[in-house]
$ cat structure-v2.cif   # mmCIF, C-alpha atoms
data_target
loop_
_atom_site.label_atom_id
_atom_site.label_comp_id
_atom_site.auth_asym_id
_atom_site.auth_seq_id
_atom_site.Cartn_x
_atom_site.Cartn_y
_atom_site.Cartn_z
CA MET A 176 101.10 -92.48 21.99
CA ASN A 177 100.98 -93.01 18.22
CA ASN A 178 98.20 -91.86 15.92
CA PHE A 179 96.38 -95.17 15.93
CA ASP A 180 96.40 -95.34 19.74
CA ILE A 181 94.94 -91.83 19.83
CA LEU A 182 92.18 -92.96 17.47
CA ASP A 183 91.51 -96.01 19.65
CA THR A 184 91.02 -93.77 22.68
CA PHE A 185 89.00 -91.10 20.92
CA PHE A 186 86.71 -93.43 18.91
CA PRO A 187 85.57 -96.42 21.00
CA ARG A 188 84.26 -99.27 18.82
CA LEU A 189 86.16 -97.95 15.81
CA ALA A 190 89.07 -99.64 17.57
CA GLU A 191 87.32 -102.95 16.95
CA PHE A 192 87.87 -102.49 13.22
CA ASN A 193 91.03 -103.91 11.75
CA GLU A 194 93.82 -101.37 11.67
CA ASP A 195 93.86 -101.78 7.89
CA SER A 196 90.35 -100.32 7.76
CA PHE A 197 91.79 -96.82 8.02
CA PRO A 198 92.74 -95.66 4.52
CA ASP A 199 95.81 -93.72 5.65
CA LYS A 200 97.32 -94.67 8.99
CA LYS A 201 99.94 -91.93 8.61
CA PHE A 202 97.61 -88.95 8.53
CA PRO A 203 98.55 -86.31 11.11
CA LEU A 204 96.49 -85.88 14.25
CA ILE A 205 96.63 -82.77 16.39
CA VAL A 206 95.07 -83.05 19.84
CA GLU A 207 93.64 -79.60 20.49
CA LYS A 208 91.77 -80.38 23.69
CA ASP A 209 90.77 -83.43 25.66
CA ASN A 210 87.53 -83.69 23.72
CA SER A 211 88.53 -82.72 20.17
CA LEU A 212 90.87 -83.74 17.37
CA THR A 213 92.00 -81.95 14.24
CA ILE A 214 92.46 -84.55 11.52
CA LYS A 215 93.68 -84.45 7.94
CA GLU A 216 93.23 -87.47 5.68
CA ASP A 217 95.07 -87.51 2.36
CA LYS A 218 91.99 -88.79 0.56
CA ILE A 219 89.99 -85.75 1.68
CA GLY A 220 92.84 -83.27 1.43
CA LYS A 221 91.63 -80.79 4.04
CA GLU A 222 91.63 -80.69 7.82
CA TYR A 223 88.47 -81.21 9.83
CA VAL A 224 87.78 -80.88 13.55
CA VAL A 225 85.91 -83.58 15.48
CA GLN A 226 84.46 -82.74 18.89
CA LYS A 227 83.57 -85.62 21.19
CA ILE A 228 80.51 -85.28 23.43
CA GLU A 229 79.67 -87.84 26.12
CA LYS A 230 76.30 -87.61 27.84
CA ASN A 231 74.24 -90.23 29.68
CA TYR A 232 76.69 -92.94 28.61
CA GLU A 233 76.19 -92.01 24.96
CA ILE A 234 78.92 -90.73 22.67
CA LYS A 235 78.29 -88.30 19.84
CA TYR A 236 80.63 -86.47 17.52
CA LEU A 237 80.16 -82.98 16.12
CA ILE A 238 82.07 -82.25 12.92
CA LYS A 239 82.00 -78.63 11.82
CA ASP A 240 80.81 -77.90 8.26
CA VAL A 241 80.13 -81.56 7.43
CA LYS A 242 76.76 -82.21 5.78
CA ILE A 243 75.40 -85.67 6.53
CA VAL A 244 72.93 -87.74 4.53
CA LYS A 245 71.91 -90.14 7.27
CA ASP A 246 73.31 -93.66 6.96
CA MET A 247 74.32 -92.97 3.38
CA GLY A 248 76.88 -90.25 2.79
CA ILE A 249 78.73 -87.06 3.67
CA PHE A 250 79.76 -83.81 2.02
CA TYR A 251 82.63 -81.66 3.29
CA SER A 252 84.24 -78.72 1.50
CA ASN A 253 84.85 -80.14 -1.99
CA TYR A 254 84.70 -83.82 -1.00
CA ALA A 255 81.77 -86.27 -0.95
CA GLU A 256 81.51 -89.95 -0.02
CA PHE A 257 78.49 -92.27 -0.36
CA ILE A 258 77.85 -95.98 0.25
CA LEU A 259 77.22 -98.11 -2.84
CA ASN A 260 74.66 -100.91 -2.91
CA PRO A 261 76.43 -103.89 -1.24
CA ASP A 262 74.40 -106.43 -3.25
CA LEU A 263 76.42 -105.59 -6.35
CA GLU A 264 79.78 -107.08 -7.21
CA ILE A 265 82.13 -104.11 -7.10
CA SER A 266 85.88 -103.70 -7.42
CA GLU A 267 88.11 -100.71 -6.72
CA LYS A 268 88.13 -98.09 -9.47
CA HIS A 269 89.45 -94.61 -10.17
CA PHE A 270 88.39 -92.28 -12.98
CA THR A 271 87.83 -88.59 -13.62
CA ILE A 272 84.88 -86.57 -14.90
CA GLY A 273 86.12 -83.17 -15.99
CA ASP A 274 88.11 -81.88 -13.02
CA LEU A 275 86.46 -84.28 -10.56
CA GLU A 276 88.24 -87.35 -9.20
CA VAL A 277 86.03 -90.40 -8.62
CA ASP A 278 87.18 -93.25 -6.39
CA ILE A 279 85.48 -96.56 -5.66
CA ASN A 280 87.02 -98.47 -2.76
CA ASN A 281 86.18 -100.60 0.25
CA GLN A 282 87.78 -98.41 2.92
CA PRO A 283 85.40 -95.66 4.09
CA THR A 284 87.24 -92.67 5.50
CA LEU A 285 87.53 -91.96 9.19
CA LEU A 286 85.44 -88.84 8.53
CA PHE A 287 82.63 -90.98 7.10
CA ASN A 288 82.66 -93.34 10.10
CA ALA A 289 82.85 -90.50 12.62
CA ALA A 290 79.89 -88.78 10.93
CA HIS A 291 77.92 -92.05 11.09
CA TYR A 292 79.16 -93.17 14.47
CA ASP A 293 75.72 -94.47 15.44
CA LEU A 294 76.19 -97.23 12.86
CA THR A 295 79.10 -98.61 14.85
CA TYR A 296 76.62 -99.85 17.45
CA ASP A 297 75.59 -102.36 14.79
CA LYS A 298 77.84 -105.43 14.97
CA ASP A 299 77.13 -106.29 11.32
CA TYR A 300 78.32 -102.87 10.22
CA ARG A 301 81.55 -103.18 12.21
CA GLU A 302 82.22 -106.60 10.70
CA ALA A 303 81.43 -105.34 7.20
CA ILE A 304 83.93 -102.50 7.60
CA SER A 305 86.59 -104.81 9.04
CA ASN A 306 86.13 -107.32 6.21
CA HIS A 307 86.07 -104.62 3.52
CA PHE A 308 82.54 -105.46 2.39
CA ILE A 309 81.34 -101.85 2.29
CA PHE A 310 82.30 -99.91 -0.84
CA THR A 311 81.95 -96.17 -1.13
CA LEU A 312 82.03 -93.80 -4.07
CA SER A 313 83.91 -90.58 -3.39
CA LEU A 314 84.06 -87.36 -5.39
CA LYS A 315 86.70 -84.65 -5.00
CA GLY A 316 87.37 -81.50 -6.99
CA GLU A 317 87.54 -77.73 -6.67
CA SER A 318 84.32 -77.30 -8.65
CA LEU A 319 82.32 -79.61 -6.34
CA ASN A 320 79.89 -77.86 -3.99
CA GLN A 321 76.64 -78.63 -2.22
CA GLU A 322 74.55 -77.12 -5.02
CA ASN A 323 75.99 -79.32 -7.78
CA LEU A 324 76.65 -82.39 -5.63
CA GLU A 325 73.64 -84.42 -6.75
CA GLU A 326 74.14 -83.83 -10.45
CA ASN A 327 77.80 -84.86 -10.12
CA LEU A 328 76.88 -87.97 -8.12
CA SER A 329 74.46 -88.81 -10.93
CA LYS A 330 77.21 -88.38 -13.52
CA ALA A 331 79.51 -90.70 -11.57
CA LEU A 332 76.80 -93.38 -11.29
CA PHE A 333 76.10 -93.08 -15.01
CA ILE A 334 79.75 -93.55 -15.97
CA LEU A 335 80.02 -96.48 -13.57
CA GLY A 336 76.83 -98.13 -14.82
CA TYR A 337 77.15 -97.34 -18.52
CA TYR A 338 80.82 -98.14 -19.01
CA GLY A 339 81.60 -100.50 -16.13
CA ASN A 340 81.69 -104.18 -17.12
CA GLU A 341 80.33 -105.26 -13.74
CA PHE A 342 77.10 -103.30 -14.09
CA TYR A 343 75.73 -104.52 -17.40
CA LYS A 344 73.32 -106.72 -15.45
CA PHE A 345 72.74 -104.66 -12.30
CA TYR A 346 72.86 -100.88 -12.38
CA PRO A 347 74.75 -99.21 -9.49
CA SER A 348 72.93 -97.22 -6.84
CA PHE A 349 73.63 -95.56 -3.54
CA PHE A 350 72.58 -97.36 -0.40
CA GLU A 351 71.11 -96.35 2.94
CA TYR A 352 72.59 -98.64 5.57
CA LYS A 353 69.81 -99.67 7.93
CA ASP A 354 70.78 -99.07 11.54
CA PHE A 355 69.06 -101.78 13.56
CA TYR A 356 70.56 -100.77 16.90
CA TYR A 357 69.00 -97.32 17.06
CA GLU A 358 65.59 -96.75 15.50
CA ASP A 359 65.15 -93.00 15.25
CA SER A 360 62.83 -92.71 12.29
CA ILE A 361 60.71 -89.58 12.45
CA LEU A 362 57.65 -91.77 11.88
CA LYS A 363 56.82 -94.81 13.98
CA ASP A 364 54.59 -97.58 12.67
CA THR A 365 51.05 -96.84 13.86
CA THR A 366 49.22 -99.57 11.96
CA PRO A 367 47.31 -102.18 13.99
CA ILE A 368 50.12 -104.71 14.39
CA ASP A 369 48.20 -106.53 17.12
CA SER A 370 45.49 -107.58 14.71
CA ARG A 371 48.09 -109.02 12.34
CA GLN A 372 49.77 -110.96 15.14
CA GLN A 373 46.44 -112.27 16.40
CA ARG A 374 45.48 -113.42 12.91
CA ASN A 375 48.82 -114.77 11.74
CA LEU A 376 49.23 -117.99 9.76
CA GLU A 377 49.75 -120.16 12.83
CA TYR A 378 46.73 -118.77 14.69
CA ASN A 379 44.46 -119.26 11.68
CA LEU A 380 45.85 -122.72 10.94
CA GLY A 381 46.24 -121.57 7.36
CA HIS A 382 42.52 -120.78 6.89
CA PHE A 383 41.49 -117.26 5.91
CA GLY A 384 38.24 -115.83 4.65
CA ASP A 385 38.10 -114.47 1.13
CA ILE A 386 39.70 -111.05 0.60
CA ASN A 387 37.64 -108.24 -0.89
CA HIS A 388 38.96 -105.63 -3.35
CA PRO A 389 41.88 -107.67 -4.77
CA THR A 390 42.89 -104.71 -6.97
CA ALA A 391 43.89 -102.76 -3.86
CA ILE A 392 45.86 -105.78 -2.66
CA ARG A 393 47.76 -105.91 -5.96
CA PHE A 394 48.69 -102.23 -5.65
CA TYR A 395 49.87 -102.83 -2.08
CA ASN A 396 51.99 -105.84 -3.09
CA GLU A 397 53.70 -103.86 -5.85
CA GLY A 398 54.49 -101.07 -3.41
CA MET A 399 55.96 -103.44 -0.83
CA GLN A 400 58.19 -105.11 -3.41
CA ILE A 401 59.89 -101.78 -4.13
CA LYS A 402 59.48 -100.34 -0.64
CA ASP A 403 61.61 -97.28 0.20
CA LYS A 404 61.77 -96.25 -3.47
CA GLU A 405 59.89 -93.13 -4.54
CA ILE A 406 57.72 -95.08 -6.96
CA SER A 407 56.44 -97.25 -4.09
CA PHE A 408 54.60 -94.15 -2.86
CA GLN A 409 52.53 -94.13 -6.04
CA TYR A 410 51.39 -97.73 -5.54
CA PHE A 411 50.41 -97.11 -1.92
CA TYR A 412 48.59 -93.96 -3.02
CA LYS A 413 46.68 -96.01 -5.61
CA VAL A 414 45.30 -98.04 -2.70
CA LEU A 415 43.93 -94.80 -1.24
CA GLU A 416 42.40 -93.80 -4.59
CA HIS A 417 40.76 -97.21 -4.88
CA PHE A 418 38.75 -96.56 -1.72
CA TRP A 419 37.63 -92.99 -2.42
CA VAL A 420 34.13 -94.05 -3.47
CA ILE A 421 34.00 -97.28 -1.44
CA ALA A 422 34.59 -95.31 1.75
CA ARG A 423 31.47 -93.25 0.98
CA LYS A 424 29.17 -96.25 0.80
CA GLU A 425 27.13 -94.97 3.73
CA LYS A 426 26.58 -91.70 1.88
CA PHE A 427 25.08 -93.60 -1.05
CA LYS A 428 22.85 -95.59 1.30
CA VAL A 429 21.46 -92.38 2.76
CA LEU A 430 20.79 -90.92 -0.69
CA ILE A 431 18.92 -94.04 -1.78
CA SER A 432 17.00 -94.44 1.48
CA ASN A 433 15.77 -90.85 1.21
CA ASP A 434 13.99 -91.80 -2.01
CA PRO A 435 13.19 -95.54 -1.80
CA ASP A 436 10.58 -95.38 -4.56
CA ASN A 437 12.80 -93.44 -6.97
CA LYS A 438 10.16 -90.74 -7.31
CA ASN A 439 12.78 -88.04 -7.62
CA ILE A 440 15.20 -89.96 -9.78
CA ASP A 441 16.76 -86.80 -11.22
CA ASP A 442 17.54 -85.48 -7.75
CA LEU A 443 19.05 -88.84 -6.83
CA PHE A 444 21.31 -88.85 -9.88
CA ASN A 445 22.33 -85.26 -9.23
CA ASN A 446 23.26 -86.10 -5.64
CA VAL A 447 25.24 -89.15 -6.75
CA GLN A 448 26.94 -87.07 -9.42
CA ASN A 449 27.97 -84.55 -6.78
CA VAL A 450 29.73 -87.31 -4.87
CA PHE A 451 31.71 -88.36 -7.94
CA SER A 452 32.48 -84.82 -9.09
CA ASN A 453 34.55 -83.86 -6.04
CA ASP A 454 38.10 -82.97 -7.04
CA GLU A 455 40.91 -85.34 -6.08
CA GLY A 456 42.08 -83.24 -3.15
CA THR A 457 38.58 -83.25 -1.67
CA GLN A 458 38.19 -86.99 -2.24
CA LEU A 459 41.43 -87.60 -0.36
CA ARG A 460 40.38 -85.37 2.54
CA ILE A 461 37.00 -87.11 2.88
CA LEU A 462 38.69 -90.52 2.82
CA LEU A 463 41.16 -89.54 5.55
CA GLU A 464 38.41 -88.00 7.66
CA SER A 465 36.62 -91.35 7.55
CA ILE A 466 39.57 -92.97 9.37
CA GLU A 467 40.56 -89.94 11.43
CA THR A 468 40.82 -91.83 14.73
CA ASP A 469 43.22 -94.33 13.13
CA ILE A 470 45.64 -91.75 11.77
CA THR A 471 45.88 -89.39 14.74
CA GLN A 472 49.56 -90.18 15.30
CA LEU A 473 50.41 -89.77 11.61
CA VAL A 474 48.76 -86.36 11.50
CA LYS A 475 50.55 -85.27 14.67
CA SER A 476 53.92 -86.51 13.43
CA ALA A 477 53.58 -84.63 10.13
CA SER A 478 52.88 -81.41 12.02
CA GLU A 479 55.74 -81.92 14.50
CA ASN A 480 58.20 -82.49 11.66
CA LYS A 481 57.06 -79.38 9.73
CA LEU A 482 55.63 -81.47 6.88
CA SER A 483 52.12 -80.19 7.55
CA LYS A 484 51.20 -76.68 8.69
CA LYS A 485 48.77 -77.77 11.41
CA ASN A 486 47.90 -80.80 13.48
CA SER A 487 44.70 -81.46 11.55
CA VAL A 488 43.46 -84.01 9.03
CA LYS A 489 42.61 -81.21 6.62
CA GLU A 490 46.18 -79.85 6.56
CA PHE A 491 47.66 -83.36 6.56
CA SER A 492 45.51 -84.22 3.54
CA ARG A 493 46.55 -81.03 1.76
CA SER A 494 50.26 -81.74 2.38
CA LEU A 495 49.95 -85.36 1.27
CA TYR A 496 48.15 -84.31 -1.91
CA SER A 497 50.80 -81.68 -2.64
CA TYR A 498 53.56 -84.27 -2.25
CA ARG A 499 51.62 -86.65 -4.49
CA ASN A 500 51.45 -83.99 -7.22
CA SER A 501 55.17 -83.31 -6.97
CA VAL A 502 55.87 -87.01 -7.51
CA VAL A 503 53.32 -87.74 -10.23
CA HIS A 504 53.71 -84.55 -12.25
CA ALA A 505 57.38 -83.90 -11.41
CA LYS A 506 56.31 -80.35 -10.54
CA ASP A 507 54.92 -78.80 -7.40
CA GLU A 508 51.33 -77.70 -7.89
CA THR A 509 51.82 -74.25 -6.38
CA ASN A 510 55.04 -72.96 -7.90
CA LEU A 511 55.57 -75.43 -10.77
CA THR A 512 59.17 -76.07 -9.78
CA LEU A 513 60.72 -79.20 -11.25
CA LYS A 514 61.01 -82.00 -8.69
CA LEU A 515 64.23 -84.00 -8.86
CA PRO A 516 65.44 -86.70 -6.47
CA ASN A 517 66.96 -84.83 -3.54
CA ILE A 518 69.24 -86.50 -1.01
CA TRP A 519 68.83 -83.54 1.35
CA GLU A 520 65.05 -84.14 1.50
CA ASN A 521 65.46 -87.86 2.11
CA GLU A 522 63.58 -87.78 5.42
CA LYS A 523 60.60 -86.00 3.83
CA GLU A 524 60.35 -88.60 1.09
CA LYS A 525 60.65 -91.48 3.57
CA PHE A 526 57.96 -89.94 5.76
CA TRP A 527 55.34 -89.74 3.00
CA ILE A 528 56.14 -93.21 1.68
CA GLU A 529 55.80 -94.67 5.16
CA ALA A 530 52.70 -92.63 6.04
CA THR A 531 50.92 -93.66 2.84
CA ARG A 532 51.88 -97.29 3.39
CA GLN A 533 50.39 -97.20 6.88
CA ILE A 534 47.18 -95.55 5.63
CA SER A 535 46.86 -98.18 2.89
CA GLU A 536 47.15 -100.94 5.51
CA ILE A 537 44.46 -99.33 7.67
CA LEU A 538 42.13 -99.23 4.65
CA ILE A 539 42.96 -102.81 3.63
CA GLU A 540 42.18 -104.06 7.13
CA LYS A 541 38.89 -102.16 7.11
CA TYR A 542 37.61 -102.95 3.63
CA CYS A 543 39.51 -105.98 2.30
CA LEU A 544 39.83 -108.11 5.42
CA ASN A 545 36.66 -106.96 7.17
CA ILE A 546 38.54 -106.49 10.44
CA GLN A 547 36.71 -104.22 12.85
#
$ encode --input "structure-v2.cif" --output "structure tokens"
Amino acid sequence: MNNFDILDTFFPRLAEFNEDSFPDKKFPLIVEKDNSLTIKEDKIGKEYVVQKIEKNYEIKYLIKDVKIVKDMGIFYSNYAEFILNPDLEISEKHFTIGDLEVDINNQPTLLFNAAHYDLTYDKDYREAISNHFIFTLSLKGESLNQENLEENLSKALFILGYYGNEFYKFYPSFFEYKDFYYEDSILKDTTPIDSRQQRNLEYNLGHFGDINHPTAIRFYNEGMQIKDKEISFQYFYKVLEHFWVIARKEKFKVLISNDPDNKNIDDLFNNVQNVFSNDEGTQLRILLESIETDITQLVKSASENKLSKKNSVKEFSRSLYSYRNSVVHAKDETNLTLKLPNIWENEKEKFWIEATRQISEILIEKYCLNIQ
């Protein structure tokens, strides 16, 4: 049995790729056991061991010492490989930055595909690999390690974007390939989808009542147009800020009804002033408490994924506000550490973007669309 036949047996579905998809068909394979291979690809330069696990008709691969950025990239020893945005026109390139070698090509390594084996369930991904539509950027060098990986990836993107003729119009970026076969996001959509389906364009025959608070709608639209980017969080959060006072309308009604003749006008103004003088963290907590029954699953999910200390709206609010400060001020409020984009905290960032989007939709349905 030759090397390629061994790969066909060991990696079902990878066999559906064209044989040319493997960058180096001559790399040595050593079969250690029935369920593991030791592989060395010239592009990577070092051996790695892949263990195959089959359970309940599912196949998974464990690769020792490989760090995975889900659906985007890998880091192993002194080698890294990340998908580039497929919407850009890219050609193969090779250049160096100091002692680092940078390669751009349309043949992801076997290590990359094994680490992201779940993507091979997606027919579009398999076809893209076979047709060489997926380009990756790889870094290799003795000085490369996990601590300096992101700064070196940034340097490579800068060289590519600043000096590459193809990128004068569109700047290069890394890309998270969406896996539509398996949806394993740590946060499911908890917004009231039913109400949207029941009130869709066809059902309403194109007739909708006027929409209140158009400013909040504009913030939401901006966030959706750049969804999944860190800055989209800020637009969704602006929707929340917009409703801080609006959500306390009943509080104002009570204050006014307690003094209908304005006999104690100073007391009334003082009480109103107290409402407005709450700090931002308190305003956020009060807003979230007003929709507590609608965000139960969000609060629970944050706690389960260690993004909030407790399964409570108060702790959820505190964690959300802390994340907001780290984004807006570029520093964490508690220890003043500089916040930089971090591929290893990708899931945390995605969680808070998605959670804030869902909260903004709950508020829009309640206050803009008057849906009860």
$ atom_distance --input "structure-v2.cif" --atom1 "CA of Ile392 (chain A)" --atom2 "CA of Ile461 (chain A)"
21.4 Å
$ resolve_selection --input "structure-v2.cif" --expression "the PyMOL selection byres ((chain A and resi 516-532) around 6)" --output "MDAnalysis selection string"
chainID A and resid 408 411 515 533:535
$ resolve_selection --input "structure-v2.cif" --expression "the PyMOL selection byres ((chain A and resi 470) around 9)" --output "PyMOL selection string"
chain A and resi 365-366+463+466-469+471-475+488+533-534+537
$ atom_distance --input "structure-v2.cif" --atom1 "CA of Ser266 (chain A)" --atom2 "CA of Glu326 (chain A)"
23.3 Å
$ residues_around --input "structure-v2.cif" --residues "Ala391 (chain A)" --least-positions-apart "3" --cutoff "9 Å" --atoms "all atoms listed in the file" --output "PDB file with C-alpha atoms, keeping the file's coordinate frame"
ATOM      1  CA  ASN A 387      37.640-108.240  -0.890  1.00  0.00           C
ATOM      2  CA  HIS A 388      38.960-105.630  -3.350  1.00  0.00           C
ATOM      3  CA  PHE A 394      48.690-102.230  -5.650  1.00  0.00           C
ATOM      4  CA  TYR A 395      49.870-102.830  -2.080  1.00  0.00           C
ATOM      5  CA  ASN A 396      51.990-105.840  -3.090  1.00  0.00           C
ATOM      6  CA  PHE A 411      50.410 -97.110  -1.920  1.00  0.00           C
ATOM      7  CA  LYS A 413      46.680 -96.010  -5.610  1.00  0.00           C
ATOM      8  CA  VAL A 414      45.300 -98.040  -2.700  1.00  0.00           C
ATOM      9  CA  LEU A 415      43.930 -94.800  -1.240  1.00  0.00           C
ATOM     10  CA  HIS A 417      40.760 -97.210  -4.880  1.00  0.00           C
ATOM     11  CA  PHE A 418      38.750 -96.560  -1.720  1.00  0.00           C
ATOM     12  CA  SER A 535      46.860 -98.180   2.890  1.00  0.00           C
ATOM     13  CA  ILE A 539      42.960-102.810   3.630  1.00  0.00           C
ATOM     14  CA  CYS A 543      39.510-105.980   2.300  1.00  0.00           C
TER      15      CYS A 543
END
$ resolve_selection --input "structure-v2.cif" --expression "the PyMOL selection byres ((chain A and resi 311) around 8)" --output "PyMOL selection string"
chain A and resi 256-259+278-283+309-310+312-313
$ residues_around --input "structure-v2.cif" --residues "Asn253 (chain A)" --least-positions-apart "6" --cutoff "6 Å" --atoms "all atoms listed in the file" --output "PyMOL selection string"
chain A and resi 315-317+319-320
$ residues_around --input "structure-v2.cif" --residues "region 289-291 of chain A" --least-positions-apart "6" --cutoff "8 Å" --atoms "only C-alpha atoms" --output "list in words"
Phe186, Tyr236, Leu237, Ile238, Ile243, Lys245, Asp246 and Ile249 of chain A
$ atom_distance --input "structure-v2.cif" --atom1 "CA of Val225 (chain A)" --atom2 "CA of Asp240 (chain A)"
10.5 Å
$ residues_around --input "structure-v2.cif" --residues "Gly339 (chain A)" --least-positions-apart "4" --cutoff "12 Å" --atoms "only C-alpha atoms" --output "list in words"
Glu264, Ile265, Ser266, Glu267, Lys268, His269, Phe270, Ile279, Ala331, Leu332, Phe333, Ile334, Leu335, Tyr343, Lys344, Phe345, Tyr346 and Pro347 of chain A
$ axis_aligned_box --input "structure-v2.cif" --around "region 225-235 of chain A" --padding-each-side "8 Å" --output "AutoDock Vina command-line options"
--center_x 80.1 --center_y -87.8 --center_z 22.6 --size_x 27.7 --size_y 26.2 --size_z 30.2
$ closest_residue --input "structure-v2.cif" --among "A:Met247, A:Leu263, A:Leu294, A:Val241" --to "Gln321 (chain A)" --atoms "all atoms listed in the file"
A:Val241
$ decode --input "structure-v2.cif" --residues "region 262-268 of chain A" --atoms "all heavy atoms" --output "JSON list (two decimals), in the first residue's frame"
[["chain", "number", "residue", "atom", "x", "y", "z"],
["A", 262, "ASP", "N", -12.60, 35.99, -0.78],
["A", 262, "ASP", "CA", -13.20, 36.98, -1.67],
["A", 262, "ASP", "C", -12.15, 37.81, -2.39],
["A", 262, "ASP", "O", -12.47, 38.56, -3.32],
["A", 262, "ASP", "CB", -14.13, 37.91, -0.89],
["A", 262, "ASP", "CG", -15.35, 37.17, -0.35],
["A", 262, "ASP", "OD1", -15.75, 36.17, -0.97],
["A", 262, "ASP", "OD2", -15.88, 37.58, 0.69],
["A", 263, "LEU", "N", -10.90, 37.71, -1.96],
["A", 263, "LEU", "CA", -9.83, 38.48, -2.57],
["A", 263, "LEU", "C", -9.18, 37.69, -3.70],
["A", 263, "LEU", "O", -9.13, 36.47, -3.67],
["A", 263, "LEU", "CB", -8.77, 38.84, -1.52],
["A", 263, "LEU", "CG", -9.27, 39.58, -0.28],
["A", 263, "LEU", "CD1", -8.14, 39.72, 0.73],
["A", 263, "LEU", "CD2", -9.79, 40.96, -0.67],
["A", 264, "GLU", "N", -8.68, 38.40, -4.68],
["A", 264, "GLU", "CA", -7.92, 37.75, -5.74],
["A", 264, "GLU", "C", -6.48, 37.58, -5.26],
["A", 264, "GLU", "O", -5.77, 38.55, -5.03],
["A", 264, "GLU", "CB", -7.97, 38.58, -7.02],
["A", 264, "GLU", "CG", -9.35, 38.65, -7.65],
["A", 264, "GLU", "CD", -9.33, 39.38, -8.98],
["A", 264, "GLU", "OE1", -8.22, 39.69, -9.46],
["A", 264, "GLU", "OE2", -10.41, 39.64, -9.53],
["A", 265, "ILE", "N", -6.07, 36.33, -5.11],
["A", 265, "ILE", "CA", -4.77, 36.03, -4.51],
["A", 265, "ILE", "C", -4.00, 35.11, -5.44],
["A", 265, "ILE", "O", -4.58, 34.24, -6.09],
["A", 265, "ILE", "CB", -4.95, 35.35, -3.13],
["A", 265, "ILE", "CG1", -5.89, 36.16, -2.24],
["A", 265, "ILE", "CG2", -3.60, 35.19, -2.44],
["A", 265, "ILE", "CD1", -6.25, 35.47, -0.94],
["A", 266, "SER", "N", -2.70, 35.28, -5.49],
["A", 266, "SER", "CA", -1.84, 34.36, -6.22],
["A", 266, "SER", "C", -0.76, 33.86, -5.27],
["A", 266, "SER", "O", -0.54, 34.41, -4.19],
["A", 266, "SER", "CB", -1.20, 35.06, -7.42],
["A", 266, "SER", "OG", -0.41, 36.17, -7.00],
["A", 267, "GLU", "N", -0.08, 32.78, -5.66],
["A", 267, "GLU", "CA", 0.95, 32.21, -4.80],
["A", 267, "GLU", "C", 2.11, 33.18, -4.64],
["A", 267, "GLU", "O", 2.52, 33.84, -5.59],
["A", 267, "GLU", "CB", 1.42, 30.87, -5.38],
["A", 267, "GLU", "CG", 0.34, 29.80, -5.36],
["A", 267, "GLU", "CD", 0.90, 28.43, -5.68],
["A", 267, "GLU", "OE1", 2.10, 28.33, -5.99],
["A", 267, "GLU", "OE2", 0.13, 27.45, -5.60],
["A", 268, "LYS", "N", 2.63, 33.24, -3.42],
["A", 268, "LYS", "CA", 3.73, 34.15, -3.11],
["A", 268, "LYS", "C", 4.66, 33.51, -2.08],
["A", 268, "LYS", "O", 4.24, 32.65, -1.31],
["A", 268, "LYS", "CB", 3.20, 35.47, -2.55],
["A", 268, "LYS", "CG", 2.53, 36.37, -3.58],
["A", 268, "LYS", "CD", 2.00, 37.63, -2.92],
["A", 268, "LYS", "CE", 1.53, 38.64, -3.96],
["A", 268, "LYS", "NZ", 0.59, 38.08, -4.92]]
